[in-house]
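K.L.:
First the structure, then my questions, so here it is.
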Amino acid sequence: MSLILKFVKYYRPHIKLFILDISCAFCIAGLDLLFPLFSRAILNEYIPEKNMQALLVTAVIMLSLYLIRSVLNYIVYYWGHIVGVRIEYDMRNKLFSHLQTLDISFFDGSRVGKLMSRLINDLNTISELAHHGPEDVFISVVMLFGSFLILIRIEWRLTLVLFAFIPIMLFFALKKGSVMRAKFRDVREKIAVVNAQIENSLSGIRVAKAFTNERFEQEKFDEGNFTFRMSKTRAYKTMAEFYTGINLFMNLLTLITIILGGYFVYIDAMSYGDLVAFILYTNFFLDPIKRLTNFTEQFQDGMSGFERFNDLLSIEPKIKDTDAAKNLDQIEGNISIDNVSFYYADDEKNKVLSNVNIQIQAGKTIALVGPSGGGKTTLCHLIPRFYDVSEGEIRIDGENIKNITIKSLRSHVGLVQQSVFLFTGTIKDNILYGNIDATDEEVIAAAKNASIHDFIISLPNGYDTYIGERGIKLSGGQQQRLSIARVFLKNPPILILDEATSAL
Ligand code: ADP
Ligand code: MG
């Protein structure tokens, strides 16, 4: 329940549009209830009375109502969706900016693919629910209640028989619908596995070829692909049952109306016009039933997506500024690492660092040498507080780094990481990342210092050359030099190079 309340909050900024949407949907449902009444009047009165004038007047009224209905329909289709789109936009923005605040340790444990699916798929289903959900419930209730009230006054016995059918039909639709939904959820899970497999195999294709393991890859793939095929087969089977059942119910409903209604006409309890009205109304029972089935589906999917969305939002970053944290404008750069021990989250027994003591004076360069997995990278990450020390403390100019604001601390520390990451964009964009306000001259100076300037100007587009997916490919060494140029541009008092020259 509290989840629904949280959900409702997202409507707030768009409440006017939402009310517009719902009122239009309400009017459409009301209008739809009127139309069969016109047909009934025409058949019952105007035609037998040969009242051409009333017939024409009714036609004109109906035409204008149809036009009004079209306008309302346009509003519901367009502005209704816009409500959903805007809520989705708000949520996605909120989630993205929240992700930006989370700790590195969060990203260690989370697969990028999963997070992408939260940001894209979950929010898509939420957006659908946000606008179709209330609309569907509203329209269905109005249509079912309204037609009941109208029909019961025409012929109550026939009405009761027909409406006795609706709960049975609804029960079937919801029951089969939920089975169908579960099957399709399984399909989505299976295709996610296939996708992950394709991604993994294709990114590793060089390794696969080097070991001539293409066949092995093919077999691995085939297994997932086949599981997916079977899952989809099962899903379509339930889908076929669902629609066959619904259609049969609809046909039975029409049959009962004709037979029983015909009988009532025969015993003069009803007129032809009444019978036509009944047939027209039963024809649109299908719509509310479809809408309600659709709603339960969207509600379950949307709400579980919203729950995951909220779970992510409720994760608090562990590393954040305390109230007492100071902003350091300028530092000298004396680092002292006192009795520092460190283990990664929930792995207390496995200390990566234990009782490390290092004093580094400003202006000095020190090198740390050790075996792979010795903890060098880990130590580099402790200084800009990517992780907090488990024991001991790290001080800069005598100040415990936990008492310095993260923003000012990180502005004084430059880190060239072991695995280089370059953003999609130009070479210049990537160097500028170190200091977004730098001038062209400063960018060139940084590139010269990193000994990459000559290479860059040898490219046809120079600094404006695109790198990444659709741009040029750089060698490992060139990538490292670019990331070094980036940190030179930042020019921080403390510079950490984590095997930054391993490929040079
Ligand atoms: P080095 O850079 O000296 O080769 P690292 O500092 O990268 O070593 O790793 C030290 C140890 O910490 C390794 O045993 C590694 O498995 C572990 N480790 C590194 N990163 C993480 C992480 N994000 N989560 C858990 N354990 C990690
Ligand atoms: Mg390392």
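Ligands are numbered from 1 in the order shown, chains are lettered A, B, ... in the order of the structure tokens, and residues start at 1 in each chain.
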How would you write, as a ChimeraX atom specification, the set of residues no farther than 7 Å from ligand 1 when counting only C-alpha atoms and all ligand atoms?
P.N.:
/A:105,108,344,352,370-379
K.L.:
Could the residues in this selection be written to a file with C-alpha atoms, as an mmCIF file, in the first residue's frame?
P.N.:
data_model
loop_
_atom_site.group_PDB
_atom_site.id
_atom_site.type_symbol
_atom_site.label_atom_id
_atom_site.label_comp_id
_atom_site.auth_asym_id
_atom_site.auth_seq_id
_atom_site.Cartn_x
_atom_site.Cartn_y
_atom_site.Cartn_z
ATOM 1 C CA SER A 105 31.622 -0.628 -3.964
ATOM 2 C CA ASP A 108 31.597 -3.588 -7.926
ATOM 3 C CA TYR A 344 36.462 -5.406 0.895
ATOM 4 C CA VAL A 352 43.821 -7.062 1.505
ATOM 5 C CA GLY A 370 54.413 -5.954 -5.202
ATOM 6 C CA PRO A 371 52.940 -9.106 -6.661
ATOM 7 C CA SER A 372 49.650 -9.211 -8.576
ATOM 8 C CA GLY A 373 46.790 -9.114 -6.144
ATOM 9 C CA GLY A 374 49.074 -7.633 -3.503
ATOM 10 C CA GLY A 375 46.800 -4.660 -2.918
ATOM 11 C CA LYS A 376 48.540 -1.870 -4.856
ATOM 12 C CA THR A 377 45.414 -0.808 -6.740
ATOM 13 C CA THR A 378 43.407 -1.078 -3.538
ATOM 14 C CA LEU A 379 45.771 1.291 -1.747
#
K.L.:
Need to verify the contact set: Ile289 (chain A), 9 Å, only C-alpha atoms, exclusion of same-chain residues closer than 3 positions in sequence. Can you return it as a PDB file with C-alpha atoms, in the first residue's frame?
P.N.:
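Listed below is the output, part_19.pdb:
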ATOM      1  CA  SER A 140     -14.207  -0.331 -17.388  1.00  0.00           C
ATOM      2  CA  ILE A 166     -19.369 -11.337 -16.701  1.00  0.00           C
ATOM      3  CA  MET A 169     -15.576 -14.369 -18.007  1.00  0.00           C
ATOM      4  CA  LEU A 170     -13.546 -12.033 -15.842  1.00  0.00           C
ATOM      5  CA  ALA A 173      -9.528 -13.826 -18.182  1.00  0.00           C
ATOM      6  CA  PHE A 285     -18.493  -5.925 -22.784  1.00  0.00           C
ATOM      7  CA  LEU A 286     -15.343  -7.273 -24.325  1.00  0.00           C
ATOM      8  CA  LEU A 292      -9.282  -5.091 -16.667  1.00  0.00           C
ATOM      9  CA  THR A 293      -7.130  -8.049 -17.700  1.00  0.00           C
ATOM     10  CA  ASN A 294      -4.673  -5.653 -19.213  1.00  0.00           C
TER      11      ASN A 294
END
K.L.:
Tell me which protein, DNA and RNA residues are within 12 Å of region 346-348 of chain A, counting only C-alpha atoms, leaving out same-chain ones fewer than 3 positions away, and put them as an MDAnalysis selection string.
P.N.:
chainID A and resid 105 109 341:343 351:354 390:391
K.L.:
Hey, what's within 9 Å of region 414-423 of chain A if we count only C-alpha atoms and toss same-chain stuff fewer than 6 positions away? As a ChimeraX atom specification, please?
P.N.:
/A:377,380-381,384,429-430,434,467-468,476,479-480,482-484,486-488,490-502
K.L.:
So that I can see what lies close to Asn124 (chain A), please list as an mmCIF file with C-alpha atoms, in the first residue's frame the residues with an atom at most 12 Å from it, counting only C-alpha atoms and leaving out residues fewer than 4 positions away in the same chain.
P.N.:
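Below is the file result17.cif, written as the result:
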data_model
loop_
_atom_site.group_PDB
_atom_site.id
_atom_site.type_symbol
_atom_site.label_atom_id
_atom_site.label_comp_id
_atom_site.auth_asym_id
_atom_site.auth_seq_id
_atom_site.Cartn_x
_atom_site.Cartn_y
_atom_site.Cartn_z
ATOM 1 C CA HIS A 81 0.558 9.222 -22.935
ATOM 2 C CA GLY A 84 3.170 8.625 -18.638
ATOM 3 C CA VAL A 85 6.140 9.924 -20.602
ATOM 4 C CA ARG A 86 6.749 12.793 -18.181
ATOM 5 C CA ILE A 87 6.502 10.549 -15.127
ATOM 6 C CA GLU A 88 8.939 8.154 -16.763
ATOM 7 C CA TYR A 89 11.284 11.050 -17.539
ATOM 8 C CA MET A 91 11.830 8.782 -12.564
ATOM 9 C CA ARG A 92 14.674 8.024 -14.946
ATOM 10 C CA MET A 116 20.471 -0.693 -17.666
ATOM 11 C CA SER A 117 17.419 -2.900 -17.509
ATOM 12 C CA ARG A 118 16.222 -0.990 -14.431
ATOM 13 C CA LEU A 119 16.660 2.325 -16.172
ATOM 14 C CA ILE A 120 15.105 1.264 -19.459
ATOM 15 C CA GLU A 128 2.616 2.350 -19.226
ATOM 16 C CA LEU A 129 0.991 1.654 -15.879
ATOM 17 C CA ALA A 130 1.080 5.305 -14.881
ATOM 18 C CA HIS A 131 -1.178 6.368 -17.666
ATOM 19 C CA GLN A 298 0.336 -3.814 -16.099
ATOM 20 C CA ASP A 301 4.665 -5.672 -13.883
ATOM 21 C CA GLY A 302 4.641 -1.960 -13.211
ATOM 22 C CA MET A 303 4.549 -2.347 -9.454
ATOM 23 C CA GLY A 305 9.379 -2.567 -11.543
ATOM 24 C CA PHE A 306 8.528 0.317 -9.265
ATOM 25 C CA PHE A 309 13.217 1.252 -8.683
#
K.L.:
Can you list, as a PyMOL selection string, all residues belonging to region 340-423 of chain A that DSSP tags as strand (DSSP E or B)?
P.N.:
chain A and resi 340-342+353-360+391-396+399-400+404+413-416
K.L.:
Measuring between only C-alpha atoms and all ligand atoms, which one of A:Val369, A:Glu214, A:Gly462, A:Arg12 shows the shortest distance to ligand 2?
P.N.:
A:Val369
K.L.:
Quick one: everything within 9 Å of Gly261 (chain A), counting only C-alpha atoms, minus sequence neighbours fewer than 4 positions away in the same chain. Send it as a ChimeraX atom specification.
P.N.:
/A:158,256-257,265-266,270,274-275,278-279
K.L.:
Give me a file of those residues, with N, CA and C atoms, as a JSON list (two decimals), in the first residue's frame.
P.N.:
[["chain", "number", "residue", "atom", "x", "y", "z"],
["A", 158, "LEU", "N", -33.23, -10.53, -18.82],
["A", 158, "LEU", "CA", -32.13, -10.75, -19.78],
["A", 158, "LEU", "C", -30.84, -10.13, -19.25],
["A", 256, "ILE", "N", -26.57, -16.08, -26.50],
["A", 256, "ILE", "CA", -27.60, -15.99, -25.46],
["A", 256, "ILE", "C", -28.48, -14.77, -25.68],
["A", 257, "THR", "N", -27.84, -13.65, -26.01],
["A", 257, "THR", "CA", -28.62, -12.43, -26.24],
["A", 257, "THR", "C", -29.63, -12.65, -27.36],
["A", 265, "VAL", "N", -38.71, -10.97, -27.28],
["A", 265, "VAL", "CA", -39.39, -10.23, -28.35],
["A", 265, "VAL", "C", -40.64, -11.02, -28.75],
["A", 266, "TYR", "N", -40.45, -12.36, -28.84],
["A", 266, "TYR", "CA", -41.54, -13.25, -29.26],
["A", 266, "TYR", "C", -42.74, -13.14, -28.31],
["A", 270, "MET", "N", -40.27, -7.34, -25.19],
["A", 270, "MET", "CA", -39.25, -6.43, -25.69],
["A", 270, "MET", "C", -39.54, -6.11, -27.14],
["A", 274, "ASP", "N", -35.10, -2.78, -28.72],
["A", 274, "ASP", "CA", -34.48, -3.20, -27.46],
["A", 274, "ASP", "C", -33.47, -4.31, -27.70],
["A", 275, "LEU", "N", -33.85, -5.24, -28.57],
["A", 275, "LEU", "CA", -32.95, -6.36, -28.86],
["A", 275, "LEU", "C", -31.65, -5.86, -29.47],
["A", 278, "PHE", "N", -29.49, -4.38, -26.87],
["A", 278, "PHE", "CA", -28.82, -5.43, -26.10],
["A", 278, "PHE", "C", -27.60, -5.98, -26.83],
["A", 279, "ILE", "N", -27.80, -6.24, -28.13],
["A", 279, "ILE", "CA", -26.69, -6.80, -28.90],
["A", 279, "ILE", "C", -25.53, -5.80, -28.95]]
K.L.:
Would you compute the distance between CA of Tyr74 (chain A) and CA of Arg291 (chain A)? Give it in Å to one decimal.
P.N.:
18.6 Å
K.L.:
Would you mind telling me which residue in A:Leu368, A:Pro36, A:Asn334, A:Leu67 lies nearest to ligand 2 when using only C-alpha atoms and all ligand atoms?
P.N.:
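Among A:Leu368, A:Pro36, A:Asn334, A:Leu67, it is A:Leu368 that comes nearest to ligand 2.
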K.L.:
How many Å lie between CA of Thr244 (chain A) and CA of Phe172 (chain A), rounded to one decimal?
P.N.:
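Distance reported for this atom pair: 11.4 Å.
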K.L.:
Out of A:Glu297, A:Ser201, A:Ala362, A:Phe165, which residue has the shortest atom-to-atom distance to Leu252 (chain A) when counting only C-alpha atoms?
P.N.:
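That would be A:Phe165, the residue with the smallest distance to Leu252 (chain A).
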K.L.:
According to DSSP computed on the backbone, where in region 216-419 of chain A is there helix (DSSP H, G or I)? Give the residues as an MDAnalysis selection string.
P.N.:
chainID A and resid 216:266 272:283 286:313 376:382 401:403 406:412
